[in-house]
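To keep things clear, I will list the structure first and then write my remarks on it.
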Amino acid sequence: MSADVCRLPKLTTIELDGCHSMVSPPVGVIKQGLVAMLKYFTDLEKDGKKSFVPVTVIGRFMAGKTSLIRSMQMSERFLSNRSDDRSQLDQATKVFKVCEADFDEVSKLVFHDFGGHANYHFSYPLSSRSQFIPMLVIDIEAFDRMAEDKGSNAACEEVCFDWLSHLYLSCPLAGPPLVVITHRDCVDTSIFEVRKKQLIAATETLRMKIINEEKAMAPETSPFFSMVSFCNASQPLLTKHMPLVFSKSSGEKEIIDLKHVLYTIGFPLLTEIPGRWYVMMQVFESKTDIPYLTLEEIDALFPDDTGRVMLQYLHEIGRIMWYRNQTLIARIVFHRVELLTKVVELLFDHTSKQVWERRIQEFEPFRLGSQRITKVKYKQMVRHFEQSGVMNSILLSRLIEAESEIKPELAIKVLKVFHLVCGPIQENFEESYIVPYFSQKVIAVKEGGSYIPLKVDICFNGLAIPGYVYHLLTAIYVDIHISPLISVDVGVNGACVKEIDQTMKYFFHNESESTVSLIILTKPANVASSWSSQLSTLERLTNQLAEVWKGAHYDTIFYCSHCLLTKQKELSTKVDPSWSHNLPVYTGKEFQDCKQDLTAQGLPSIPLPLLYPCESM
């Protein structure tokens, strides 16, 4: 787009929805509107420019992602020397890192290097944006082993398909991937060619299966189909850019070739940033003595950034982290991205068990107010956390203070915003936080008495939701219901909330069946209000679902409470409990219209519309 367009005197609006290829101004500026676009062009003409090609690097652990990036930074082959035992000395990338490599005097390759363990999939939405080159690094030796052991489809899912599908769901406008195959020297030539063909074929088999399922379930306007490259069936996903191959013997020429390929592919995405905006980024990077900046401090440094256009753009390209729509941390800008990822890493390290053992070994007693924390007490808190997923606030605060530069109060807010922890709750008269990801308990419904069961299922279709999403939803569910007047129990399969009136609320997830169940056991007098609560929780949970798993496709199923109560083999699902919002609150004396089979069981009388929703339609 020309700068002159933005200067048209009567121009009030520019419609650019669906124009995914626009790079000048870049998407991060377009999102902010016409005023931001005009500022971009004005500053570009006034201050000169720097150019960037954004690259997101993904793939399984030990594939060689970081080694390739270091090689491009050094313009010569660099090989990391790491063991595969996931020990406490493992220096593999945790969560993600941002780094640059010079291409020429004015252009740089900017890498987002993501950790190679599946539990880091949750970090894609934290930093990835819509325009970048996905670079998928695949260890062909690992693929060969897995294909031999469990077949090429399963192997492909682990080294390729999962990584791409998760990335595209977080960033649906990302382009086709550049595949880089490593460890070529570890596989015979004949085997290598076979495995490469199997990798491409298996990816297409899995991809087309998911696309066809989604077409059958939803119209092609579904959010799923906004994944432009993933859903483009006109050519195989992995062959838009032919795979590059690396081995230990690959040298400087191969590294320079890789840089040129990335630059050539990325040229349509080449982002020109005004010189003044680049200065802002450099100023941020120079402030290594402080963990974050406030909006007031940034306004003082850059008073010309009216509307905070420059600041928002730097967030869009992942050079800073500013979550302005999250009230808890809206006025904080994390200009050192590594500090934010460090907070996440404290709890979500892929070598977590070994890390906790090291922390126990290195522990030294300390005082918190009048309380002295001994090694015995510390170890007890750690073991309790590992089993229950409940972490004493003393332990969490101490961990943050010892291993990060961010104050505990702010770090906890960050973890809550990302739904990695929930709470606080009171446990044994001490404040604690829940990390559902770590609980080893199994939650079960406690049936019995005259409590009425109300059940709703959320059934996910299409692309399987990864395990971490269920744990994020568990944290969201608990936070929806958190209150000083309730008790909370979290397990490996969900959560249970007990309210002051003894109403029991359950959240269950079943990853193998791709379902989430919401169950309430309520007293007869509270059926109407409990149905209303169930509907409210369902709405809030599904709204949040769109944030943690974009493009999710699901069906909602309501079950008849009478069928559940009498343990019918076939449960009626012809239920619409929305009428419960308009029903009065009933007292025990007003319960009249009741079926005889329940009276015989000694259960209270309940109005038919409440107890038999399947018959009240």
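Starting from 1 in every chain, residues are counted up; chains themselves are A, B, ... following the order of the structure tokens, and ligands are numbered from 1 as listed.
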Strand (DSSP E or B) positions in range 102-290 of chain A, given as an MDAnalysis selection string: chainID A and resid 102 107:114 133:139 178:182 241:245 271:274
Contact residues around Leu396 in chain A with only C-alpha atoms at 12 Å, ignoring same-chain residues under 4 positions, as number ranges by chain: A: 343, 346-347, 378, 381-382, 385, 389-392, 400-404, 407-409, 411-412, 415, 421, 424, 431-435
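For His166 in chain A, the list of residues within 8 Å, based on only C-alpha atoms and with local chain neighbours fewer than 3 positions off taken out, reads A:His121, A:Tyr124, A:Asp162, A:Trp163, A:Leu169, A:Ser170.
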Listing only residues of range 324-420 of chain A within 12 Å of range 536-552 of chain A, what is the closest atom pair and its distance in Å (to one decimal) for each, using only C-alpha atoms, sorted by chain and residue number ascending, as a Markdown table?
```
| residue | atom | partner | partner_atom | distance |
| --- | --- | --- | --- | --- |
| A:Val417 | CA | A:Val548 | CA | 11.3 |
| A:Phe418 | CA | A:Val548 | CA | 8.8 |
| A:His419 | CA | A:Val548 | CA | 8.9 |
| A:Leu420 | CA | A:Val548 | CA | 11.1 |
```
Polymer residues at most 12 Å from Glu345 in chain A, only C-alpha atoms, same-chain spacing of 2 or more positions, as a VMD selection string: chain A and resid 92 to 97 115 119 to 120 122 to 123 338 to 343 347 to 352 355 399 to 400 403 to 404 411 415 420
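Taking only C-alpha atoms into account, Ile138 in chain A lies nearest to A:Leu244 out of the set A:Leu244, A:Val228, A:Leu270, A:Leu34.
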With a cut-off of 10 Å, could you pull out the residues of range 149-250 of chain A touching range 460-473 of chain A and give me the nearest pair of atoms for each, distance in Å to one decimal, using only C-alpha atoms, ordered by chain and ascending number, as a Markdown table?
```
| residue | atom | partner | partner_atom | distance |
| --- | --- | --- | --- | --- |
| A:Asp162 | CA | A:Pro466 | CA | 9.0 |
| A:Ser165 | CA | A:Leu463 | CA | 8.2 |
| A:His166 | CA | A:Pro466 | CA | 8.6 |
| A:Leu169 | CA | A:Leu463 | CA | 9.8 |
| A:Leu206 | CA | A:Leu463 | CA | 9.7 |
| A:Arg207 | CA | A:Leu463 | CA | 9.3 |
| A:Lys209 | CA | A:Gly462 | CA | 8.9 |
| A:Ile210 | CA | A:Gly462 | CA | 5.7 |
| A:Ile211 | CA | A:Gly462 | CA | 7.9 |
| A:Asn212 | CA | A:Gly462 | CA | 8.9 |
| A:Glu213 | CA | A:Gly462 | CA | 6.0 |
| A:Glu214 | CA | A:Gly462 | CA | 5.6 |
| A:Lys215 | CA | A:Gly462 | CA | 9.4 |
| A:Ala216 | CA | A:Gly462 | CA | 9.7 |
| A:Met217 | CA | A:Asn461 | CA | 8.0 |
| A:Ala218 | CA | A:Gly462 | CA | 9.8 |
| A:Phe224 | CA | A:Gly462 | CA | 9.1 |
```
Put those residues in a file: C-alpha atoms, as a compact mmCIF listing (two decimals), in the first residue's frame.
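New file again-v2.txt:
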```txt
# COMPACT_ATOMS: atom_id res chain seq x y z
CA ASP A 162 1.37 -32.34 16.05
CA SER A 165 -1.30 -28.43 13.65
CA HIS A 166 -0.77 -26.75 17.02
CA LEU A 169 -4.31 -23.32 15.26
CA LEU A 206 -3.47 -37.25 8.63
CA ARG A 207 -4.18 -33.78 7.29
CA LYS A 209 -8.51 -37.04 7.36
CA ILE A 210 -8.93 -34.05 9.68
CA ILE A 211 -10.02 -31.70 6.86
CA ASN A 212 -12.65 -34.16 5.61
CA GLU A 213 -13.96 -34.74 9.12
CA GLU A 214 -14.26 -31.00 9.67
CA LYS A 215 -16.07 -30.47 6.36
CA ALA A 216 -18.58 -33.14 7.36
CA MET A 217 -19.17 -31.53 10.75
CA ALA A 218 -19.14 -27.83 10.00
CA PHE A 224 -10.78 -24.34 11.44
```
Give me, as CSV, the closest atom pair and its distance (Å, one decimal) for every residue of range 428-526 of chain A within a cut-off of 10 Å of range 557-577 of chain A, counting only C-alpha atoms, rows sorted by chain and rising number.
```
residue,atom,partner,partner_atom,distance
A:Glu447,CA,A:Leu565,CA,9.7
A:Gly448,CA,A:Leu565,CA,9.7
A:Ser450,CA,A:Leu565,CA,9.1
A:Tyr451,CA,A:Leu565,CA,8.5
A:Ile452,CA,A:Leu565,CA,6.6
A:Pro453,CA,A:Ser561,CA,5.6
A:Leu454,CA,A:Ser561,CA,5.5
A:Lys455,CA,A:Tyr559,CA,5.6
A:Val456,CA,A:Phe558,CA,4.6
A:Asp457,CA,A:Ile557,CA,5.1
A:Ile458,CA,A:Ile557,CA,6.5
A:Cys459,CA,A:Ile557,CA,7.7
A:Ser517,CA,A:Ile557,CA,9.4
A:Leu518,CA,A:Phe558,CA,9.7
A:Leu521,CA,A:Ser561,CA,10.0
```
Selection near Gln380 in chain A, 12 Å with only C-alpha atoms, sequence-local residues under 4 positions removed, as number ranges by chain: A: 360, 373-376, 384-388, 390-392, 395
Can those selected residues be exported to a file as an mmCIF file, in the first residue's frame so that it contains N, CA, C and O atoms?
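Written output follows (part_26.cif):
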```cif
data_model
loop_
_atom_site.group_PDB
_atom_site.id
_atom_site.type_symbol
_atom_site.label_atom_id
_atom_site.label_comp_id
_atom_site.auth_asym_id
_atom_site.auth_seq_id
_atom_site.Cartn_x
_atom_site.Cartn_y
_atom_site.Cartn_z
ATOM 1 N N ILE A 360 15.604 -29.579 46.166
ATOM 2 C CA ILE A 360 15.597 -30.135 47.525
ATOM 3 C C ILE A 360 17.021 -30.312 48.036
ATOM 4 O O ILE A 360 17.338 -29.966 49.184
ATOM 5 N N ILE A 373 11.242 -22.171 57.852
ATOM 6 C CA ILE A 373 11.002 -23.258 56.905
ATOM 7 C C ILE A 373 12.251 -24.133 56.869
ATOM 8 O O ILE A 373 13.316 -23.713 56.397
ATOM 9 N N THR A 374 12.101 -25.351 57.365
ATOM 10 C CA THR A 374 13.217 -26.297 57.388
ATOM 11 C C THR A 374 13.220 -27.127 56.114
ATOM 12 O O THR A 374 12.274 -27.095 55.325
ATOM 13 N N LYS A 375 14.264 -27.900 55.946
ATOM 14 C CA LYS A 375 14.350 -28.757 54.767
ATOM 15 C C LYS A 375 13.255 -29.815 54.792
ATOM 16 O O LYS A 375 12.699 -30.174 53.743
ATOM 17 N N VAL A 376 12.920 -30.306 55.987
ATOM 18 C CA VAL A 376 11.849 -31.306 56.110
ATOM 19 C C VAL A 376 10.524 -30.708 55.646
ATOM 20 O O VAL A 376 9.775 -31.319 54.871
ATOM 21 N N HIS A 384 3.873 -32.812 48.364
ATOM 22 C CA HIS A 384 2.437 -32.564 48.313
ATOM 23 C C HIS A 384 2.049 -31.965 46.962
ATOM 24 O O HIS A 384 1.042 -32.352 46.355
ATOM 25 N N PHE A 385 2.861 -31.035 46.467
ATOM 26 C CA PHE A 385 2.607 -30.428 45.162
ATOM 27 C C PHE A 385 2.685 -31.469 44.054
ATOM 28 O O PHE A 385 1.833 -31.500 43.147
ATOM 29 N N GLU A 386 3.694 -32.322 44.086
ATOM 30 C CA GLU A 386 3.872 -33.321 43.030
ATOM 31 C C GLU A 386 2.708 -34.298 42.965
ATOM 32 O O GLU A 386 2.389 -34.826 41.896
ATOM 33 N N GLN A 387 2.063 -34.548 44.092
ATOM 34 C CA GLN A 387 0.942 -35.486 44.112
ATOM 35 C C GLN A 387 -0.400 -34.814 43.848
ATOM 36 O O GLN A 387 -1.245 -35.354 43.135
ATOM 37 N N SER A 388 -0.598 -33.629 44.419
ATOM 38 C CA SER A 388 -1.925 -33.005 44.392
ATOM 39 C C SER A 388 -2.050 -31.867 43.397
ATOM 40 O O SER A 388 -3.165 -31.457 43.049
ATOM 41 N N VAL A 390 -1.262 -28.950 44.203
ATOM 42 C CA VAL A 390 -1.506 -27.790 45.064
ATOM 43 C C VAL A 390 -0.178 -27.331 45.657
ATOM 44 O O VAL A 390 0.500 -28.104 46.333
ATOM 45 N N MET A 391 0.182 -26.083 45.388
ATOM 46 C CA MET A 391 1.460 -25.564 45.857
ATOM 47 C C MET A 391 1.239 -24.488 46.909
ATOM 48 O O MET A 391 0.558 -23.487 46.664
ATOM 49 N N ASN A 392 1.836 -24.703 48.081
ATOM 50 C CA ASN A 392 1.778 -23.722 49.150
ATOM 51 C C ASN A 392 2.356 -22.398 48.645
ATOM 52 O O ASN A 392 3.364 -22.368 47.956
ATOM 53 N N LEU A 395 6.015 -21.867 49.206
ATOM 54 C CA LEU A 395 6.878 -22.573 48.265
ATOM 55 C C LEU A 395 6.929 -21.840 46.931
ATOM 56 O O LEU A 395 8.008 -21.648 46.351
#
```
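Those residues that approach Ser487 in chain A to within 9 Å, counting only C-alpha atoms, are Ile425, Gln426, Glu427, Ile482, Ser483, Pro484, Leu485, Asp489, Cys496, Val497, Lys498, Glu499 and Ile500 of chain A; same-chain residues fewer than 2 positions away are not listed.
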